[in-house]
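Structure data (mmCIF, C-alpha atoms) from input31.cif:
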```
data_work
loop_
_atom_site.label_atom_id
_atom_site.label_comp_id
_atom_site.auth_asym_id
_atom_site.auth_seq_id
_atom_site.Cartn_x
_atom_site.Cartn_y
_atom_site.Cartn_z
CA MET A 120 0.00 0.00 0.00
CA GLU A 121 1.23 3.46 -0.85
CA PRO A 122 1.66 6.32 1.61
CA ALA A 123 -0.91 9.09 1.37
CA GLU A 124 -0.26 12.39 -0.31
CA ARG A 125 -2.24 14.94 1.59
CA GLY A 126 -4.16 17.42 -0.46
CA GLY A 127 -4.61 14.98 -3.31
CA VAL A 128 -8.01 14.47 -4.84
CA ALA A 129 -9.14 11.11 -6.14
CA ASP A 130 -9.58 12.39 -9.69
CA ARG A 131 -5.86 13.17 -10.09
CA ARG A 132 -4.62 9.61 -10.04
CA ALA A 133 -3.98 7.31 -12.96
CA LEU A 134 -6.30 4.60 -14.17
CA ARG A 135 -6.23 1.32 -12.23
CA ALA A 136 -7.76 -1.89 -13.47
CA VAL A 137 -8.50 -5.23 -11.82
CA THR A 138 -9.61 -8.40 -13.58
CA LEU A 139 -12.88 -9.59 -12.07
CA ARG A 140 -13.57 -13.31 -11.98
CA CYS A 141 -16.93 -14.77 -11.07
CA GLY A 142 -16.91 -18.52 -11.52
CA ALA A 143 -15.86 -19.15 -15.12
CA ARG A 144 -16.76 -15.62 -16.23
CA THR A 145 -14.31 -12.73 -16.47
CA GLY A 146 -14.76 -8.98 -16.60
CA LEU A 147 -12.74 -5.84 -15.91
CA ALA A 148 -13.05 -3.24 -13.16
CA SER A 149 -11.52 0.13 -14.05
CA TYR A 150 -11.08 3.00 -11.62
CA CYS A 151 -10.55 6.15 -13.67
CA ALA A 152 -9.58 9.73 -13.02
CA GLY A 153 -11.98 12.59 -13.58
CA THR A 154 -15.63 13.31 -12.99
CA ALA A 155 -17.19 12.92 -16.44
CA GLN A 156 -19.72 10.21 -17.14
CA PRO A 157 -17.84 7.11 -18.37
CA ALA A 158 -17.69 6.66 -22.13
CA LEU A 159 -20.00 4.00 -23.48
CA PRO A 160 -18.15 0.77 -24.25
CA PRO A 161 -17.72 -0.23 -27.92
CA TRP A 162 -20.78 -1.99 -29.25
CA PRO A 163 -22.09 -2.82 -32.72
CA SER A 164 -24.20 -0.05 -34.21
CA SER A 165 -27.12 -2.45 -34.51
CA GLY A 166 -27.14 -3.14 -30.78
CA GLY A 167 -29.21 -0.83 -28.60
CA ARG A 168 -27.96 0.71 -25.40
CA VAL A 169 -30.11 1.15 -22.33
CA LEU A 170 -28.84 3.57 -19.68
CA VAL A 171 -30.52 3.11 -16.29
CA THR A 172 -29.69 5.84 -13.80
CA ASP A 173 -31.29 7.85 -11.00
CA VAL A 174 -31.92 11.50 -10.14
CA ASN A 175 -28.75 11.68 -8.02
CA ALA A 176 -26.34 10.17 -10.54
CA CYS A 177 -27.61 11.89 -13.70
CA ALA A 178 -26.66 15.56 -13.93
CA SER A 179 -29.41 16.66 -16.34
CA PRO A 180 -31.45 19.55 -14.86
CA TRP A 181 -34.83 18.18 -15.99
CA LEU A 182 -34.65 15.05 -13.78
CA GLY A 183 -37.24 15.99 -11.19
CA ALA A 184 -39.77 13.15 -11.54
CA ARG A 185 -39.85 10.50 -8.84
CA SER A 186 -41.14 7.76 -11.10
CA VAL A 187 -39.41 6.15 -14.05
CA THR A 188 -38.72 8.65 -16.82
CA ALA A 189 -37.77 7.31 -20.25
CA ARG A 190 -36.18 9.06 -23.21
CA THR A 191 -35.45 7.33 -26.47
CA ALA A 192 -33.11 8.40 -29.28
CA GLY A 193 -32.68 5.83 -32.04
CA SER A 194 -31.23 2.74 -30.41
CA GLN A 195 -30.40 4.68 -27.22
CA LEU A 196 -32.77 4.49 -24.26
CA MET A 197 -32.38 6.35 -20.97
CA LEU A 198 -34.41 5.42 -17.89
CA ILE A 199 -34.21 7.61 -14.79
CA LEU A 200 -35.38 6.30 -11.44
CA GLY A 201 -35.99 8.14 -8.24
CA SER A 202 -33.63 7.69 -5.31
CA GLY A 203 -33.79 5.09 -2.56
CA GLU A 204 -34.65 1.47 -1.76
CA GLY A 205 -38.28 2.08 -2.75
CA TYR A 206 -37.22 1.85 -6.41
CA LYS A 207 -35.70 -1.59 -5.96
CA GLY A 208 -38.86 -3.61 -6.46
CA PHE A 209 -41.06 -5.46 -8.95
CA LEU A 210 -42.83 -2.31 -10.17
CA TYR A 211 -39.68 -0.60 -11.41
CA LEU A 212 -38.16 -3.80 -12.77
CA ARG A 213 -41.32 -4.25 -14.85
CA LEU A 214 -41.27 -0.64 -16.05
CA ILE A 215 -37.64 -0.99 -17.20
CA LEU A 216 -38.39 -4.21 -19.07
CA GLN A 217 -41.49 -2.73 -20.68
CA ALA A 218 -39.55 0.34 -21.80
CA MET A 219 -36.89 -1.90 -23.37
CA LEU A 220 -39.52 -3.88 -25.24
CA ARG A 221 -41.33 -0.77 -26.46
CA GLY A 222 -37.98 0.75 -27.45
CA GLY A 223 -37.32 -2.15 -29.78
CA MET A 224 -34.32 -3.52 -27.92
CA GLY A 225 -33.18 -7.01 -28.86
CA ARG A 226 -30.76 -9.66 -27.62
CA ASP A 227 -27.82 -7.60 -28.88
CA ALA A 228 -28.65 -4.74 -26.47
CA MET A 229 -26.45 -3.63 -23.60
CA VAL A 230 -27.71 -2.32 -20.25
CA LEU A 231 -25.58 0.30 -18.53
CA ALA A 232 -26.23 0.96 -14.84
CA LEU A 233 -25.11 4.46 -13.79
CA GLY A 234 -25.70 5.00 -10.09
CA GLY A 235 -25.36 3.38 -6.70
CA GLY A 236 -26.34 -0.01 -5.40
CA VAL A 237 -30.08 0.32 -6.05
CA VAL A 238 -29.59 1.22 -9.71
CA GLY A 239 -26.99 -1.51 -10.16
CA ASP A 240 -29.25 -4.14 -8.63
CA VAL A 241 -32.47 -3.41 -10.50
CA ALA A 242 -30.74 -2.65 -13.81
CA GLY A 243 -28.63 -5.78 -13.44
CA LEU A 244 -31.69 -7.93 -12.87
CA ALA A 245 -33.39 -6.34 -15.88
CA ALA A 246 -30.33 -7.21 -18.02
CA ALA A 247 -30.40 -10.79 -16.74
CA CYS A 248 -34.13 -11.20 -17.46
CA PHE A 249 -34.50 -9.36 -20.77
CA MET A 250 -34.48 -11.80 -23.69
CA ARG A 251 -32.94 -14.32 -21.25
CA GLY A 252 -29.90 -12.14 -20.79
CA VAL A 253 -28.19 -9.18 -22.46
CA ARG A 254 -24.81 -7.66 -21.69
CA LEU A 255 -24.42 -5.54 -18.56
CA ALA A 256 -21.98 -2.72 -17.75
CA GLN A 257 -21.81 -1.21 -14.28
CA HIS A 258 -20.85 2.44 -13.79
CA PRO A 259 -20.99 2.99 -9.99
CA THR A 260 -21.25 6.52 -8.63
CA THR A 261 -21.09 5.67 -4.91
CA LEU A 262 -18.10 4.36 -2.98
CA LEU A 263 -20.13 1.42 -1.67
CA ALA A 264 -20.93 0.32 -5.22
CA CYS A 265 -17.28 0.83 -6.26
CA VAL A 266 -15.88 -1.46 -3.57
CA ASP A 267 -18.63 -4.07 -3.41
CA SER A 268 -22.08 -4.13 -4.99
CA SER A 269 -21.11 -3.42 -8.63
CA MET A 270 -18.78 -6.44 -8.65
CA GLY A 271 -19.48 -10.12 -8.13
CA GLY A 272 -22.72 -10.31 -10.05
CA LYS A 273 -25.36 -10.23 -7.31
CA VAL A 274 -28.38 -8.40 -8.70
CA GLY A 275 -31.91 -8.42 -7.36
CA ILE A 276 -34.88 -6.63 -5.89
CA ASN A 277 -36.71 -6.45 -2.57
CA THR A 278 -40.22 -7.79 -1.99
CA GLY A 279 -41.81 -6.09 0.98
CA SER A 280 -39.62 -6.77 4.01
CA PHE A 281 -37.70 -9.49 2.15
CA LYS A 282 -34.45 -7.79 1.11
CA ASN A 283 -32.85 -9.06 -2.12
CA ALA A 284 -35.24 -12.02 -2.11
CA VAL A 285 -35.60 -12.10 -5.90
CA GLY A 286 -32.42 -12.09 -7.91
CA VAL A 287 -29.66 -13.92 -9.76
CA ILE A 288 -25.88 -13.99 -10.12
CA TYR A 289 -25.21 -11.99 -13.29
CA PRO A 290 -21.72 -10.44 -13.45
CA PRO A 291 -21.10 -7.33 -15.56
CA CYS A 292 -18.83 -7.54 -18.58
CA THR A 293 -17.20 -4.32 -17.40
CA MET A 294 -17.22 -1.93 -14.44
CA VAL A 295 -15.97 1.63 -14.78
CA ALA A 296 -15.90 4.15 -11.91
CA ARG A 297 -14.96 7.82 -12.12
CA MET A 298 -13.29 8.35 -8.76
CA GLY A 299 -13.24 12.12 -9.01
CA ARG A 300 -17.03 12.02 -9.07
CA VAL A 301 -17.21 9.42 -6.32
CA SER A 302 -14.96 11.53 -4.09
CA THR A 303 -17.50 14.37 -4.08
CA LEU A 304 -20.11 12.26 -2.28
CA PRO A 305 -21.76 13.60 0.89
CA GLU A 306 -20.00 12.52 4.07
CA ARG A 307 -22.45 9.80 5.10
CA GLN A 308 -22.47 8.25 1.63
CA TRP A 309 -18.67 8.19 1.66
CA GLN A 310 -18.55 6.56 5.08
CA ALA A 311 -21.09 3.95 4.02
CA GLY A 312 -18.67 2.83 1.32
CA VAL A 313 -15.74 2.84 3.73
CA ALA A 314 -17.76 0.48 5.94
CA GLU A 315 -17.85 -2.16 3.20
CA ALA A 316 -14.08 -1.80 2.72
CA ALA A 317 -13.57 -2.29 6.48
CA LYS A 318 -15.81 -5.36 6.37
CA MET A 319 -13.67 -6.90 3.63
CA ALA A 320 -10.54 -6.23 5.66
CA ALA A 321 -12.07 -7.73 8.80
CA CYS A 322 -13.16 -10.96 7.16
CA LEU A 323 -10.48 -11.52 4.51
CA ASP A 324 -7.22 -9.61 4.93
CA ARG A 325 -5.43 -8.75 8.18
CA ASP A 326 -2.78 -6.75 6.29
CA PHE A 327 -5.52 -4.64 4.67
CA CYS A 328 -6.96 -4.07 8.14
CA ASN A 329 -3.53 -2.89 9.33
CA TRP A 330 -3.36 -0.58 6.33
CA LEU A 331 -6.79 0.91 7.03
CA GLU A 332 -5.77 1.57 10.62
CA ALA A 333 -2.68 3.44 9.45
CA HIS A 334 -4.56 5.44 6.81
CA ALA A 335 -7.90 6.13 8.53
CA GLN A 336 -7.37 9.89 8.52
CA ASP A 337 -6.35 9.91 4.86
CA VAL A 338 -9.40 7.83 3.95
CA ALA A 339 -11.56 10.44 5.66
CA LEU A 340 -9.73 13.20 3.75
CA ARG A 341 -10.24 11.21 0.50
CA ALA A 342 -6.54 11.47 -0.40
CA ALA A 343 -6.08 10.27 -3.96
CA PRO A 344 -3.41 7.55 -3.56
CA VAL A 345 -5.15 6.13 -0.51
CA VAL A 346 -8.52 6.00 -2.26
CA ALA A 347 -6.86 4.31 -5.23
CA SER A 348 -5.23 1.67 -3.05
CA MET A 349 -8.40 1.03 -1.04
CA VAL A 350 -10.77 0.49 -3.96
CA THR A 351 -8.24 -1.60 -5.86
CA ARG A 352 -7.64 -3.90 -2.89
CA CYS A 353 -11.38 -4.34 -2.40
CA ALA A 354 -11.77 -5.33 -6.06
CA GLU A 355 -8.90 -7.82 -5.75
CA LEU A 356 -10.42 -9.40 -2.65
CA LYS A 357 -13.89 -9.57 -4.16
CA SER A 358 -12.53 -11.20 -7.31
CA TYR A 359 -10.49 -13.69 -5.28
CA VAL A 360 -13.64 -14.82 -3.49
CA THR A 361 -16.07 -14.88 -6.41
CA ALA A 362 -13.61 -16.75 -8.64
CA ARG A 363 -13.77 -19.61 -6.13
CA ASP A 364 -17.44 -19.37 -5.23
CA ASP A 365 -19.75 -17.39 -7.48
CA VAL A 366 -23.06 -18.71 -6.10
CA GLU A 367 -22.40 -18.42 -2.34
CA VAL A 368 -22.20 -22.07 -1.35
CA GLY A 369 -18.82 -21.71 0.34
CA VAL A 370 -16.27 -18.98 0.89
CA ARG A 371 -18.44 -16.22 -0.59
CA ALA A 372 -20.74 -16.45 2.43
CA CYS A 373 -17.96 -14.76 4.44
CA LEU A 374 -18.67 -11.51 2.58
CA ASN A 375 -21.95 -11.41 4.54
CA LEU A 376 -20.10 -10.43 7.73
CA GLY A 377 -22.33 -7.94 9.54
CA HIS A 378 -25.09 -8.25 6.94
CA THR A 379 -27.59 -10.57 8.62
CA ILE A 380 -28.15 -8.31 11.60
CA GLY A 381 -27.44 -5.20 9.50
CA HIS A 382 -30.18 -6.04 6.98
CA ALA A 383 -32.56 -6.75 9.86
CA ALA A 384 -31.82 -3.35 11.39
CA GLU A 385 -32.38 -1.61 8.04
CA SER A 386 -35.70 -3.38 7.64
CA GLY A 387 -36.67 -2.62 11.23
CA MET A 388 -36.08 1.08 10.51
CA ARG A 389 -38.01 0.72 7.21
CA TYR A 390 -34.89 1.83 5.30
CA ARG A 391 -35.48 5.41 6.41
CA HIS A 392 -32.72 6.30 8.85
CA TRP A 393 -29.47 4.42 8.26
CA LEU A 394 -27.59 3.79 5.04
CA HIS A 395 -26.68 0.21 4.18
CA GLY A 396 -22.99 0.71 5.01
CA GLU A 397 -23.83 2.18 8.40
CA ALA A 398 -25.94 -0.87 9.22
CA VAL A 399 -23.11 -3.18 8.05
CA SER A 400 -20.61 -1.38 10.30
CA MET A 401 -22.89 -1.87 13.29
CA GLY A 402 -23.34 -5.52 12.28
CA VAL A 403 -19.58 -6.10 12.08
CA ALA A 404 -19.17 -4.60 15.55
CA LEU A 405 -21.90 -6.80 17.02
CA MET A 406 -20.48 -9.91 15.37
CA ALA A 407 -17.03 -9.07 16.74
CA HIS A 408 -18.57 -8.93 20.23
CA ALA A 409 -20.41 -12.20 19.64
CA SER A 410 -17.29 -13.91 18.28
CA HIS A 411 -15.37 -12.91 21.39
CA ARG A 412 -18.09 -14.18 23.72
CA LEU A 413 -18.09 -17.50 21.88
CA GLY A 414 -14.34 -17.81 22.37
CA LEU A 415 -13.51 -17.47 18.68
CA LEU A 416 -11.95 -13.99 18.69
CA THR A 417 -9.61 -12.57 21.28
CA ARG A 418 -10.68 -9.56 23.30
CA ASP A 419 -7.78 -7.55 21.88
CA ASP A 420 -8.82 -8.23 18.28
CA ALA A 421 -12.49 -7.50 19.00
CA THR A 422 -11.52 -4.20 20.61
CA ARG A 423 -9.18 -3.44 17.73
CA LEU A 424 -11.95 -3.86 15.16
CA LEU A 425 -14.25 -1.55 17.09
CA ARG A 426 -11.50 1.05 17.30
CA LEU A 427 -10.90 0.76 13.56
CA LEU A 428 -14.58 1.31 12.77
CA SER A 429 -14.72 4.26 15.17
CA SER A 430 -11.56 5.79 13.66
CA LEU A 431 -13.27 5.57 10.27
CA ARG A 432 -16.24 7.47 11.78
CA LEU A 433 -18.58 4.52 11.51
CA PRO A 434 -21.32 3.40 13.96
CA VAL A 435 -20.51 0.53 16.31
CA ARG A 436 -23.67 0.63 18.45
CA ARG A 437 -27.16 -0.49 17.54
CA PRO A 438 -29.78 2.15 16.69
CA LEU A 439 -32.67 3.09 18.92
CA GLY A 440 -36.21 2.48 17.72
CA VAL A 441 -35.79 -1.13 16.56
CA ASP A 442 -37.38 -3.38 19.15
CA ALA A 443 -37.08 -7.16 19.43
CA VAL A 444 -40.39 -7.75 17.65
CA ARG A 445 -39.40 -5.75 14.57
CA LEU A 446 -35.97 -7.35 14.51
CA SER A 447 -37.43 -10.84 14.86
CA CYS A 448 -39.79 -10.24 11.94
CA ALA A 449 -36.92 -8.94 9.83
CA LEU A 450 -34.73 -11.94 10.68
CA ALA A 451 -37.59 -14.28 9.79
CA ALA A 452 -37.63 -12.67 6.33
CA ASP A 453 -33.88 -13.16 5.80
CA LYS A 454 -33.12 -15.22 2.69
CA LYS A 455 -30.42 -17.12 4.62
CA ASN A 456 -32.99 -18.71 6.93
CA ARG A 457 -33.02 -22.45 7.54
CA GLY A 458 -36.11 -23.24 9.61
CA THR A 459 -35.67 -21.46 12.95
CA SER A 460 -31.99 -20.80 12.28
CA VAL A 461 -30.19 -18.15 10.28
CA CYS A 462 -26.68 -18.06 8.84
CA VAL A 463 -24.32 -15.53 10.40
CA VAL A 464 -20.62 -14.88 9.83
CA LEU A 465 -18.35 -14.97 12.87
CA LEU A 466 -14.69 -14.02 13.22
CA ARG A 467 -11.97 -16.46 14.26
CA ASP A 468 -9.28 -13.84 13.73
CA ILE A 469 -8.93 -10.56 11.91
CA GLY A 470 -8.90 -11.67 8.28
CA GLU A 471 -10.38 -15.10 9.02
CA CYS A 472 -14.06 -15.91 9.44
CA CYS A 473 -16.57 -18.73 9.34
CA ALA A 474 -20.27 -19.01 8.46
CA ARG A 475 -22.48 -20.76 10.98
CA GLU A 476 -26.16 -21.45 11.35
CA VAL A 477 -27.44 -20.23 14.71
CA PRO A 478 -30.93 -19.98 16.22
CA ARG A 479 -32.60 -16.66 15.48
CA ALA A 480 -33.04 -16.27 19.23
CA ALA A 481 -29.25 -16.13 19.58
CA VAL A 482 -29.08 -13.19 17.15
CA LEU A 483 -31.83 -11.43 19.11
CA ASN A 484 -29.79 -12.00 22.25
CA VAL A 485 -26.76 -10.36 20.65
CA TRP A 486 -28.95 -7.38 19.79
CA ALA A 487 -30.42 -7.16 23.28
CA ASN A 488 -26.95 -7.18 24.88
CA ALA A 489 -25.54 -4.49 22.56
CA SER A 490 -25.33 -0.89 23.69
CA PRO A 491 -27.71 1.46 21.84
CA ARG A 492 -26.73 4.79 20.33
CA ASN A 493 -28.73 7.98 20.26
CA SER A 494 -29.08 8.33 16.48
#
```

Rewrite the structure from the file as structure tokens, please.
Amino acid sequence: MEPAERGGVADRRALRAVTLRCGARTGLASYCAGTAQPALPPWPSSGGRVLVTDVNACASPWLGARSVTARTAGSQLMLILGSGEGYKGFLYLRLILQAMLRGGMGRDAMVLALGGGVVGDVAGLAAACFMRGVRLAQHPTTLLACVDSSMGGKVGINTGSFKNAVGVIYPPCTMVARMGRVSTLPERQWQAGVAEAAKMAACLDRDFCNWLEAHAQDVALRAAPVVASMVTRCAELKSYVTARDDVEVGVRACLNLGHTIGHAAESGMRYRHWLHGEAVSMGVALMAHASHRLGLLTRDDATRLLRLLSSLRLPVRRPLGVDAVRLSCALAADKKNRGTSVCVVLLRDIGECCAREVPRAAVLNVWANASPRNS
């Protein structure tokens, strides 16, 4: 890892690229300088392009509608969603597919997802479903999407309180991120992405965890070389895992560290108060506590992880306003359920984890014993 250069901005650095492997499939993740919208990848003139974006990611001044807006120009189709988890559902998936059909798109079309995790998920599922699959390119505009959700191929939608219950594994052929644009995110959005990077370090790479500890201040300052090193390492780790397990029957389950209880907390708050990365950070902290109490993780390492998350300005305490009943209902809706049990990821060491099925009551007990925060 490179030392930070203070005062740098993430759009001054050179292009970095990582080969993404998901099972037998291969793609390319490119982290580019600048703030401009990524250039469209080469594609035959006969093939249509479908750009799916949202009101935050697309800079056009006329994007005020909260429902799907569609504009068509020849074989180019733009679909603009509103912002938030409410657009990650059957209604908007259907509207995207209908617009593609009415726009005359065929099996040689390409779907381009320009936005954060919600856009990437619903656009990715549309690409997987349309004509039994068309090519997909991801252009993430949030740090969380850059380090996690735009890679690995998980795409899907929510159904009521069931988060990501409908979906497939459908990796993109390419991922391009403009880091100058990503580095202008609001503070909470930035921290939400940092949380996913910290999760990867905690469950996969002790050296990366050491590096994040040493560069926490520079991460907060968004120093260009540090940002470059962080996103590249996350892509390398994600590719390492998905090359070995693309459908989450083995090692890929470890990437769910903090997610079981984090998803439940998000659902319990009706997705209105915390961002996904904030909930994951809290989940990692609670699982570190639980791992220590089970004798898997030393007290020093559990404390060290909490200090790392705190130094990155991330929450380590559970939110107020989510009672046991709401949490229990959310856990019951988790797609990793097996009867009365649910799969959680525990830590044996920093950089080493294991997935275990535990009674849902045990997860509720972890929640009950955790200290709440005020916001």

Please evaluate the PyMOL selection byres ((chain A and resi 149) around 8) against the structure above and give the resulting residues as a count of residues only.
12

Got a sec to resolve the PyMOL selection byres ((chain A and resi 242-253) around 10) on this structure and send the residues as number ranges by chain?
A: 169-172, 198, 207, 211-217, 219-220, 224-234, 236-241, 254-257, 269, 272-276, 285-291

For Leu376 in chain A, list every protein, DNA or RNA residue within 8 Å, evaluated using only C-alpha atoms, and leave out those in the same chain fewer than 6 positions away; present the list as a list in words.
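Surrounding residues, per the criterion: Lys318, Cys322, Val399, Gly402, Val403, Met406, Val463, Val464 and Leu465 of chain A.
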
Output of the above residues as an mmCIF file, in the coordinates of the input, restricted to C-alpha atoms:
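Listing of out.cif after writing:
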```cif
data_model
loop_
_atom_site.group_PDB
_atom_site.id
_atom_site.type_symbol
_atom_site.label_atom_id
_atom_site.label_comp_id
_atom_site.auth_asym_id
_atom_site.auth_seq_id
_atom_site.Cartn_x
_atom_site.Cartn_y
_atom_site.Cartn_z
ATOM 1 C CA LYS A 318 -15.810 -5.360 6.370
ATOM 2 C CA CYS A 322 -13.160 -10.960 7.160
ATOM 3 C CA VAL A 399 -23.110 -3.180 8.050
ATOM 4 C CA GLY A 402 -23.340 -5.520 12.280
ATOM 5 C CA VAL A 403 -19.580 -6.100 12.080
ATOM 6 C CA MET A 406 -20.480 -9.910 15.370
ATOM 7 C CA VAL A 463 -24.320 -15.530 10.400
ATOM 8 C CA VAL A 464 -20.620 -14.880 9.830
ATOM 9 C CA LEU A 465 -18.350 -14.970 12.870
#
```

Enumerate, as a list of chain:residue names, the residues matched when the PyMOL selection byres ((chain A and resi 305) around 12) is run on the file above.
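Evaluating the PyMOL selection byres ((chain A and resi 305) around 12) on this file yields A:Asn175, A:Thr260, A:Thr261, A:Leu262, A:Arg300, A:Val301, A:Ser302, A:Thr303, A:Leu304, A:Glu306, A:Arg307, A:Gln308, A:Trp309, A:Gln310, A:Ala311, A:Gly312, A:Ala339, A:Arg341.
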
Which residue is closest to Gln336 in chain A? Choose from A:Met388, A:Arg371, A:Pro438, A:Leu431 and count all atoms listed in the file.
A:Leu431

Would you compute the distance between CA of Ala342 in chain A and CA of Gly299 in chain A? Give it in Å to one decimal.
10.9 Å
